[in-house]
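The next block is work_38.pdb, given as PDB, C-alpha atoms.
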MODEL        1
ATOM      1  CA  MET A  25       0.000   0.000   0.000
ATOM      2  CA  LYS A  26       1.334   3.433  -0.971
ATOM      3  CA  PHE A  27       1.959   5.980   1.763
ATOM      4  CA  ARG A  28      -0.395   8.461   0.062
ATOM      5  CA  THR A  29      -3.156   5.842  -0.009
ATOM      6  CA  LEU A  30      -2.596   5.061   3.681
ATOM      7  CA  LEU A  31      -2.891   8.749   4.545
ATOM      8  CA  ARG A  32      -6.143   8.883   2.597
ATOM      9  CA  HIS A  33      -7.548   5.937   4.575
ATOM     10  CA  ILE A  34      -6.532   7.548   7.874
ATOM     11  CA  ARG A  35      -8.093  10.844   6.809
ATOM     12  CA  GLU A  36     -11.351   9.179   5.755
ATOM     13  CA  GLY A  37     -11.511   7.081   8.901
ATOM     14  CA  THR A  38     -11.003  10.189  11.030
ATOM     15  CA  LYS A  39     -13.712  12.047   9.089
ATOM     16  CA  ASN A  40     -16.114   9.180   9.759
ATOM     17  CA  ILE A  41     -15.605   9.725  13.499
ATOM     18  CA  PHE A  42     -16.894  13.306  13.216
ATOM     19  CA  ARG A  43     -19.586  12.541  10.624
ATOM     20  CA  ASN A  44     -21.425  10.207  13.000
ATOM     21  CA  GLY A  45     -21.616  12.819  15.757
ATOM     22  CA  TRP A  46     -23.704  11.533  18.621
ATOM     23  CA  MET A  47     -23.357   7.898  17.565
ATOM     24  CA  THR A  48     -19.586   8.229  17.804
ATOM     25  CA  PHE A  49     -19.889   9.895  21.213
ATOM     26  CA  ALA A  50     -22.287   7.221  22.440
ATOM     27  CA  SER A  51     -20.032   4.452  21.150
ATOM     28  CA  ILE A  52     -16.892   5.948  22.727
ATOM     29  CA  ALA A  53     -18.756   6.466  26.017
ATOM     30  CA  ALA A  54     -20.006   2.884  26.013
ATOM     31  CA  VAL A  55     -16.571   1.518  25.108
ATOM     32  CA  THR A  56     -15.003   3.704  27.812
ATOM     33  CA  THR A  57     -17.378   2.329  30.423
ATOM     34  CA  THR A  58     -16.751  -1.218  29.274
ATOM     35  CA  LEU A  59     -12.974  -0.811  29.201
ATOM     36  CA  ILE A  60     -12.987   0.755  32.668
ATOM     37  CA  LEU A  61     -14.729  -2.389  33.907
ATOM     38  CA  VAL A  62     -12.240  -4.524  31.964
ATOM     39  CA  ALA A  63      -9.329  -2.580  33.490
ATOM     40  CA  VAL A  64     -10.745  -2.850  37.016
ATOM     41  CA  PHE A  65     -11.368  -6.582  36.640
ATOM     42  CA  LEU A  66      -7.907  -7.094  35.117
ATOM     43  CA  ALA A  67      -6.243  -5.235  37.990
ATOM     44  CA  LEU A  68      -8.334  -7.140  40.527
ATOM     45  CA  VAL A  69      -7.824 -10.564  38.944
ATOM     46  CA  LEU A  70      -4.062 -10.095  38.434
ATOM     47  CA  ASN A  71      -3.568  -8.874  42.007
ATOM     48  CA  LEU A  72      -5.703 -11.672  43.443
ATOM     49  CA  ASP A  73      -3.750 -14.141  41.341
ATOM     50  CA  GLN A  74      -0.479 -12.766  42.729
ATOM     51  CA  MET A  75      -1.802 -12.962  46.296
ATOM     52  CA  ALA A  76      -2.957 -16.526  45.651
ATOM     53  CA  ARG A  77       0.491 -17.423  44.326
ATOM     54  CA  ASN A  78       2.088 -15.915  47.444
ATOM     55  CA  ILE A  79      -0.151 -18.047  49.650
ATOM     56  CA  GLU A  80       0.407 -21.148  47.530
ATOM     57  CA  GLN A  81       4.178 -20.695  47.637
ATOM     58  CA  ASP A  82       4.008 -20.504  51.439
ATOM     59  CA  VAL A  83       2.277 -23.870  51.755
ATOM     60  CA  GLN A  84       4.686 -26.142  53.615
ATOM     61  CA  ILE A  85       4.712 -29.722  54.828
ATOM     62  CA  SER A  86       5.780 -30.164  58.449
ATOM     63  CA  THR A  87       7.205 -33.654  58.865
ATOM     64  CA  LEU A  88       7.308 -34.594  62.555
ATOM     65  CA  ILE A  89      10.217 -36.980  63.161
ATOM     66  CA  ASP A  90       9.720 -39.924  65.496
ATOM     67  CA  VAL A  91      11.147 -39.085  68.926
ATOM     68  CA  THR A  92      12.896 -42.478  69.027
ATOM     69  CA  ALA A  93      14.916 -41.796  65.856
ATOM     70  CA  ASP A  94      18.645 -41.337  66.385
ATOM     71  CA  GLU A  95      20.828 -38.776  64.566
ATOM     72  CA  GLU A  96      21.769 -41.155  61.761
ATOM     73  CA  GLN A  97      18.137 -42.082  61.093
ATOM     74  CA  ILE A  98      17.156 -38.390  61.084
ATOM     75  CA  VAL A  99      19.817 -37.603  58.464
ATOM     76  CA  GLN A 100      18.729 -40.606  56.367
ATOM     77  CA  LEU A 101      15.100 -39.480  56.524
ATOM     78  CA  GLY A 102      16.082 -36.032  55.246
ATOM     79  CA  GLU A 103      17.926 -37.590  52.308
ATOM     80  CA  GLU A 104      14.937 -39.777  51.464
ATOM     81  CA  ILE A 105      12.602 -36.778  51.490
ATOM     82  CA  GLU A 106      14.937 -34.837  49.169
ATOM     83  CA  GLN A 107      14.797 -37.707  46.661
ATOM     84  CA  ILE A 108      10.995 -37.509  46.322
ATOM     85  CA  ASP A 109       9.939 -36.052  42.950
ATOM     86  CA  GLY A 110       8.565 -32.532  43.235
ATOM     87  CA  VAL A 111      10.366 -31.593  46.459
ATOM     88  CA  ALA A 112      11.968 -28.147  46.090
ATOM     89  CA  GLU A 113      13.500 -27.633  49.522
ATOM     90  CA  VAL A 114      13.951 -29.494  52.809
ATOM     91  CA  GLN A 115      14.901 -27.696  56.018
ATOM     92  CA  PHE A 116      15.608 -29.264  59.398
ATOM     93  CA  SER A 117      14.177 -27.598  62.502
ATOM     94  CA  SER A 118      15.193 -28.958  65.917
ATOM     95  CA  ASN A 119      12.693 -29.370  68.717
ATOM     96  CA  ASP A 120      14.400 -26.478  70.547
ATOM     97  CA  ASN A 121      13.804 -24.252  67.536
ATOM     98  CA  GLU A 122      10.195 -25.413  67.332
ATOM     99  CA  LEU A 123       9.685 -24.610  71.000
ATOM    100  CA  SER A 124      11.147 -21.117  70.513
ATOM    101  CA  LYS A 125       8.799 -20.469  67.600
ATOM    102  CA  LEU A 126       5.841 -21.709  69.640
ATOM    103  CA  ILE A 127       6.690 -19.419  72.577
ATOM    104  CA  GLU A 128       7.172 -16.445  70.258
ATOM    105  CA  SER A 129       3.921 -17.058  68.335
ATOM    106  CA  MET A 130       1.825 -17.173  71.555
ATOM    107  CA  GLY A 131       3.094 -13.864  72.939
ATOM    108  CA  ASP A 132       2.735 -13.431  76.694
ATOM    109  CA  GLU A 133       0.857 -16.719  77.031
ATOM    110  CA  GLY A 134       3.783 -18.513  75.422
ATOM    111  CA  GLN A 135       5.976 -17.894  78.450
ATOM    112  CA  ALA A 136       4.181 -20.784  80.150
ATOM    113  CA  TRP A 137       5.986 -23.117  77.712
ATOM    114  CA  SER A 138       9.375 -21.920  78.957
ATOM    115  CA  MET A 139       9.256 -24.580  81.681
ATOM    116  CA  PHE A 140       9.721 -27.229  78.968
ATOM    117  CA  GLU A 141      13.048 -25.851  77.770
ATOM    118  CA  GLN A 142      14.967 -28.380  79.864
ATOM    119  CA  ASP A 143      12.684 -31.299  78.974
ATOM    120  CA  ASN A 144      11.407 -30.468  75.488
ATOM    121  CA  PRO A 145       8.418 -32.681  74.488
ATOM    122  CA  LEU A 146       8.283 -31.439  70.877
ATOM    123  CA  ASN A 147       9.505 -33.346  67.818
ATOM    124  CA  HIS A 148      12.329 -32.479  65.486
ATOM    125  CA  VAL A 149      10.774 -31.380  62.197
ATOM    126  CA  TYR A 150      11.626 -31.399  58.503
ATOM    127  CA  ILE A 151       9.944 -28.481  56.721
ATOM    128  CA  VAL A 152       9.312 -29.426  53.097
ATOM    129  CA  GLU A 153       8.347 -27.185  50.184
ATOM    130  CA  ALA A 154       6.978 -28.496  46.884
ATOM    131  CA  SER A 155       8.179 -27.219  43.506
ATOM    132  CA  VAL A 156       4.547 -27.045  42.416
ATOM    133  CA  PRO A 157       2.187 -26.150  45.307
ATOM    134  CA  GLU A 158      -0.617 -28.264  43.817
ATOM    135  CA  GLU A 159       1.530 -31.387  44.392
ATOM    136  CA  THR A 160       1.694 -30.792  48.156
ATOM    137  CA  GLU A 161      -0.797 -33.535  49.008
ATOM    138  CA  VAL A 162       0.932 -36.105  46.780
ATOM    139  CA  ILE A 163       4.311 -35.386  48.354
ATOM    140  CA  ALA A 164       2.845 -35.436  51.877
ATOM    141  CA  ASN A 165       1.352 -38.880  51.227
ATOM    142  CA  GLN A 166       4.740 -40.213  50.080
ATOM    143  CA  ILE A 167       6.500 -38.775  53.141
ATOM    144  CA  GLU A 168       3.971 -40.504  55.421
ATOM    145  CA  GLU A 169       5.137 -43.865  54.056
ATOM    146  CA  LEU A 170       8.772 -43.299  55.109
ATOM    147  CA  ASP A 171      10.320 -44.768  58.260
ATOM    148  CA  ASN A 172      10.777 -42.627  61.370
ATOM    149  CA  VAL A 173       7.930 -40.289  60.435
ATOM    150  CA  GLU A 174       5.502 -39.726  63.298
ATOM    151  CA  ASN A 175       3.094 -37.359  61.551
ATOM    152  CA  VAL A 176       2.790 -35.115  58.504
ATOM    153  CA  LEU A 177       1.007 -31.773  58.802
ATOM    154  CA  TYR A 178       0.127 -29.421  55.952
ATOM    155  CA  GLY A 179      -3.467 -28.336  56.601
ATOM    156  CA  LYS A 180      -4.996 -30.773  54.121
ATOM    157  CA  GLU A 181      -8.549 -29.406  54.081
ATOM    158  CA  VAL A 182      -7.446 -25.760  54.041
ATOM    159  CA  VAL A 183      -4.925 -26.365  51.249
ATOM    160  CA  GLU A 184      -7.462 -28.222  49.100
ATOM    161  CA  GLN A 185     -10.033 -25.436  49.556
ATOM    162  CA  LEU A 186      -7.396 -22.803  48.819
ATOM    163  CA  PHE A 187      -6.363 -24.371  45.516
ATOM    164  CA  GLN A 188     -10.012 -24.905  44.554
ATOM    165  CA  PHE A 189     -10.933 -21.294  45.383
ATOM    166  CA  ASN A 190      -7.961 -19.948  43.411
ATOM    167  CA  SER A 191      -8.934 -22.049  40.408
ATOM    168  CA  TYR A 192     -12.563 -20.841  40.474
ATOM    169  CA  ALA A 193     -11.545 -17.204  41.030
ATOM    170  CA  ARG A 194      -9.209 -17.224  38.030
ATOM    171  CA  ALA A 195     -11.802 -18.893  35.793
ATOM    172  CA  ILE A 196     -14.606 -16.503  36.809
ATOM    173  CA  GLY A 197     -12.375 -13.444  36.418
ATOM    174  CA  LEU A 198     -11.267 -14.550  32.954
ATOM    175  CA  ALA A 199     -14.873 -15.237  31.899
ATOM    176  CA  LEU A 200     -16.021 -11.771  33.044
ATOM    177  CA  ILE A 201     -13.166 -10.055  31.201
ATOM    178  CA  ILE A 202     -13.918 -11.952  27.983
ATOM    179  CA  ALA A 203     -17.628 -11.085  28.279
ATOM    180  CA  LEU A 204     -16.832  -7.381  28.715
ATOM    181  CA  VAL A 205     -14.441  -7.380  25.751
ATOM    182  CA  PHE A 206     -17.084  -8.938  23.508
ATOM    183  CA  THR A 207     -19.588  -6.320  24.715
ATOM    184  CA  ALA A 208     -17.207  -3.573  23.587
ATOM    185  CA  ILE A 209     -16.733  -5.303  20.224
ATOM    186  CA  PHE A 210     -20.504  -5.440  19.764
ATOM    187  CA  LEU A 211     -20.875  -1.712  20.488
ATOM    188  CA  ILE A 212     -18.154  -0.701  18.036
ATOM    189  CA  SER A 213     -19.508  -3.117  15.440
ATOM    190  CA  ASN A 214     -22.942  -1.467  15.617
ATOM    191  CA  THR A 215     -21.434   2.000  15.172
ATOM    192  CA  ILE A 216     -19.508   0.905  12.076
ATOM    193  CA  LYS A 217     -22.646  -0.790  10.760
ATOM    194  CA  ILE A 218     -24.621   2.475  10.955
ATOM    195  CA  THR A 219     -21.778   4.277   9.171
ATOM    196  CA  ILE A 220     -21.804   1.745   6.352
ATOM    197  CA  ILE A 221     -25.594   1.995   5.932
ATOM    198  CA  ALA A 222     -25.450   5.813   5.955
ATOM    199  CA  ARG A 223     -22.750   5.819   3.281
ATOM    200  CA  SER A 224     -24.162   3.034   1.122
ATOM    201  CA  THR A 225     -24.716   5.361  -1.870
ATOM    202  CA  GLU A 226     -21.158   6.705  -1.700
ATOM    203  CA  ILE A 227     -19.781   3.170  -1.378
ATOM    204  CA  GLY A 228     -21.797   2.074  -4.397
ATOM    205  CA  ILE A 229     -20.351   4.931  -6.478
ATOM    206  CA  GLN A 230     -16.817   4.031  -5.383
ATOM    207  CA  LYS A 231     -17.437   0.454  -6.474
ATOM    208  CA  LEU A 232     -18.770   1.585  -9.856
ATOM    209  CA  VAL A 233     -15.659   3.650 -10.585
ATOM    210  CA  GLY A 234     -13.393   0.693  -9.833
ATOM    211  CA  ALA A 235     -12.582   0.883  -6.108
ATOM    212  CA  THR A 236     -11.515  -2.460  -4.669
ATOM    213  CA  ASN A 237     -13.078  -4.028  -1.595
ATOM    214  CA  SER A 238      -9.927  -3.460   0.490
ATOM    215  CA  PHE A 239      -9.789   0.219  -0.576
ATOM    216  CA  ILE A 240     -13.352   0.713   0.689
ATOM    217  CA  ARG A 241     -12.838  -1.303   3.875
ATOM    218  CA  TRP A 242      -9.658   0.382   5.148
ATOM    219  CA  PRO A 243     -11.270   3.659   6.333
ATOM    220  CA  PHE A 244     -13.720   1.609   8.413
ATOM    221  CA  PHE A 245     -10.837  -0.309   9.994
ATOM    222  CA  VAL A 246      -9.177   2.999  10.856
ATOM    223  CA  GLU A 247     -12.453   4.288  12.306
ATOM    224  CA  GLY A 248     -12.840   1.196  14.460
ATOM    225  CA  ALA A 249      -9.266   1.453  15.752
ATOM    226  CA  LEU A 250      -9.763   5.151  16.578
ATOM    227  CA  LEU A 251     -13.009   4.416  18.415
ATOM    228  CA  GLY A 252     -11.265   1.737  20.460
ATOM    229  CA  ILE A 253      -8.238   3.916  21.261
ATOM    230  CA  LEU A 254     -10.336   6.973  22.147
ATOM    231  CA  GLY A 255     -12.523   4.800  24.340
ATOM    232  CA  SER A 256      -9.442   3.507  26.178
ATOM    233  CA  LEU A 257      -7.970   6.916  27.111
ATOM    234  CA  ALA A 258     -10.240   7.460  30.123
ATOM    235  CA  PRO A 259      -9.680   3.899  31.445
ATOM    236  CA  VAL A 260      -5.913   4.462  31.200
ATOM    237  CA  ALA A 261      -6.269   7.672  33.246
ATOM    238  CA  VAL A 262      -8.378   5.787  35.806
ATOM    239  CA  ILE A 263      -5.763   3.022  36.027
ATOM    240  CA  LEU A 264      -2.794   5.349  36.497
ATOM    241  CA  GLY A 265      -4.502   7.715  38.942
ATOM    242  CA  GLY A 266      -6.624   5.202  40.830
ATOM    243  CA  TYR A 267      -4.022   2.480  41.147
ATOM    244  CA  TYR A 268      -1.365   4.978  42.254
ATOM    245  CA  TYR A 269      -3.630   6.172  45.064
ATOM    246  CA  ILE A 270      -4.697   2.663  46.114
ATOM    247  CA  TYR A 271      -1.138   1.298  46.003
ATOM    248  CA  ASN A 272       0.235   4.104  48.192
ATOM    249  CA  ASN A 273      -2.570   3.801  50.767
ATOM    250  CA  PHE A 274      -3.232   0.060  50.717
ATOM    251  CA  ALA A 275      -0.659  -0.845  53.375
ATOM    252  CA  ASN A 276      -2.278   1.618  55.806
ATOM    253  CA  VAL A 277      -5.632  -0.146  55.492
ATOM    254  CA  VAL A 278      -4.649  -3.806  55.087
ATOM    255  CA  ASN A 279      -1.669  -5.225  56.921
ATOM    256  CA  PHE A 280      -1.429  -8.929  56.163
ATOM    257  CA  ARG A 281       1.742 -10.665  55.063
ATOM    258  CA  PHE A 282       0.202 -12.328  52.024
ATOM    259  CA  VAL A 283      -1.976  -9.408  50.914
ATOM    260  CA  GLU A 284       0.336  -7.292  48.777
ATOM    261  CA  LEU A 285      -0.486  -5.348  45.639
ATOM    262  CA  LEU A 286       1.624  -5.598  42.527
ATOM    263  CA  PRO A 287       4.023  -2.599  42.431
ATOM    264  CA  PHE A 288       2.724   0.484  40.596
ATOM    265  CA  ASP A 289       5.767   0.512  38.336
ATOM    266  CA  PRO A 290       5.725  -1.443  36.079
ATOM    267  CA  PHE A 291       2.283  -3.012  36.668
ATOM    268  CA  ALA A 292       0.132   0.119  36.103
ATOM    269  CA  TRP A 293       2.029   1.018  32.927
ATOM    270  CA  GLN A 294       1.810  -2.540  31.618
ATOM    271  CA  LEU A 295      -1.915  -2.660  32.366
ATOM    272  CA  SER A 296      -2.426   0.712  30.641
ATOM    273  CA  GLY A 297      -0.632  -0.536  27.543
ATOM    274  CA  MET A 298      -2.737  -3.691  27.653
ATOM    275  CA  VAL A 299      -5.968  -1.666  27.806
ATOM    276  CA  LEU A 300      -4.860   0.542  24.875
ATOM    277  CA  LEU A 301      -4.034  -2.578  22.872
ATOM    278  CA  ILE A 302      -7.367  -4.191  23.786
ATOM    279  CA  GLY A 303      -9.170  -0.996  22.722
ATOM    280  CA  ALA A 304      -7.433  -0.898  19.338
ATOM    281  CA  VAL A 305      -7.884  -4.636  18.722
ATOM    282  CA  ILE A 306     -11.578  -4.743  19.600
ATOM    283  CA  GLY A 307     -12.119  -1.609  17.491
ATOM    284  CA  VAL A 308     -10.552  -3.217  14.419
ATOM    285  CA  TRP A 309     -12.278  -6.527  15.155
ATOM    286  CA  GLY A 310     -15.627  -4.770  15.479
ATOM    287  CA  SER A 311     -15.021  -3.138  12.108
ATOM    288  CA  VAL A 312     -14.094  -6.452  10.506
ATOM    289  CA  MET A 313     -17.299  -8.027  11.813
ATOM    290  CA  SER A 314     -19.455  -5.163  10.515
ATOM    291  CA  VAL A 315     -17.759  -4.925   7.138
ATOM    292  CA  ARG A 316     -17.982  -8.666   6.598
ATOM    293  CA  LYS A 317     -21.696  -8.803   7.459
ATOM    294  CA  PHE A 318     -23.056  -5.521   6.110
ATOM    295  CA  LEU A 319     -20.727  -4.159   3.418
ATOM    296  CA  LYS A 320     -22.196  -5.616   0.239
ATOM    297  CA  VAL A 321     -19.757  -4.588  -2.460
TER     298      VAL A 321
ENDMDL
END
Rewrite the coordinates I just gave you, this time as structure tokens.
Amino acid sequence: MKFRTLLRHIREGTKNIFRNGWMTFASIAAVTTTLILVAVFLALVLNLDQMARNIEQDVQISTLIDVTADEEQIVQLGEEIEQIDGVAEVQFSSNDNELSKLIESMGDEGQAWSMFEQDNPLNHVYIVEASVPEETEVIANQIEELDNVENVLYGKEVVEQLFQFNSYARAIGLALIIALVFTAIFLISNTIKITIIARSTEIGIQKLVGATNSFIRWPFFVEGALLGILGSLAPVAVILGGYYYIYNNFANVVNFRFVELLPFDPFAWQLSGMVLLIGAVIGVWGSVMSVRKFLKV
């Protein structure tokens, strides 16, 4: 395509934006609203996914070693655990260390456990982390079968519910985002359709004088892309301003170890670029759908 021809298509597509007046405004407003929802859901889903990953990565298997096991058997057990497929890391924690953690975790009430420092009733423990959090249960079951293992603790019911919740949350979030994107495509498609119907006489004349289908279609593609990009400007402003405010004030409201937002830079900029790209793509796609169905040339 010649540069002069491309400029002509861009000029015609831009003119179409102004020719449609209120329809263009209504379409941009609707796309803006839709993309704001898309942006909000994307930010929410991606942050929830990151929080879920943080929680999943913190899932550990506490292997309580039999109190009758001697030092050699304890070392052998650690080696056997390391050889299990899917085990990422194995750390030994003595019963003295476990008692210290228990006292510290219970605050003032934990001081009552200090009397057991000379005669510690707790087990030595191997703390095991899985390479893939979803394999925690499988690894825990294999550890239970080893010698000198008194008990294996990993919060079975909680872990299963956690992984199930994360799976549902990701699926629902993705479905909502896809539904909103298709809504925006439908809105842009209808705007382009009205433009094509309004200009049917002009298009017919262009066809009679030898204009090709692609020559006629290109201005509509440009119009669709412009509608999508213009509709994404306000969502980008909402992302940058809103997320900056929320990110800087979130820690003052919520103070949990696992609940952390993705950092403003680069996340907000990446999300803004994603929304601009989504706007342009759905604009062009909406045009393609309209041209294919309603442009009879």
Can you work out the spacing between CA of Thr87 (chain A) and CA of Leu123 (chain A) in Å, to one decimal?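 Pair CA of Thr87 (chain A) / CA of Leu123 (chain A) returns 15.3 Å.
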Between A:Leu300, A:Ile167, A:Val83, A:Ala63, single out the one closest to Gly252 (chain A), counting only C-alpha atoms. A:Leu300
Between CA of Asn190 (chain A) and CA of Gln84 (chain A), what is the distance in Å, rounded to a tenth? 17.4 Å
Using the chain letters and numbering of this document, enumerate as a list in words the residues selected by the PyMOL selection byres ((chain A and resi 62) around 9). Thr57, Thr58, Leu59, Ile60, Leu61, Ala63, Val64, Phe65, Leu66, Ala67, Leu200, Ile201, Ile202, Leu204, Val205, Pro259 and Val299 of chain A
Write out as a count of residues only which residues come within 12 Å of Ser117 (chain A) when counting all atoms listed in the file, dropping same-chain ones fewer than 3 positions away. 20
Leaving out region 262-275 of chain A and any residue of its chain fewer than 2 positions from it, which residues lie within 10 Å of it when counting only C-alpha atoms, given as a ChimeraX atom specification? /A:60,63-64,67,256-260,277-280,283-289,291-293,295-296,299
As an exercise, work out the distance from CA of Gly248 (chain A) to CA of Ile302 (chain A) in Å and give it to one decimal place.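 A separation of 12.1 Å between them.
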Nearest candidate to Glu104 (chain A) (options A:Ile163, A:Ile253, A:Val308, A:Leu68; using all atoms listed in the file): A:Ile163
Go through A:Ala304, A:Ala261, A:Ala249, A:Leu198 one by one, measure the shortest atom-to-atom distance of each to Leu70 (chain A) using all atoms listed in the file, and give the residue with the smallest value. A:Leu198
Which residue is closest to Ala53 (chain A)? Choose from A:Ile240, A:Val305, A:Ala164, A:Leu254 and count all atoms listed in the file. A:Leu254
From the list A:Thr92, A:Phe189, A:Asp82, A:Asn175, which residue is nearest Val156 (chain A) when using only C-alpha atoms?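 So, comparing all the options, the nearest one is A:Asp82.
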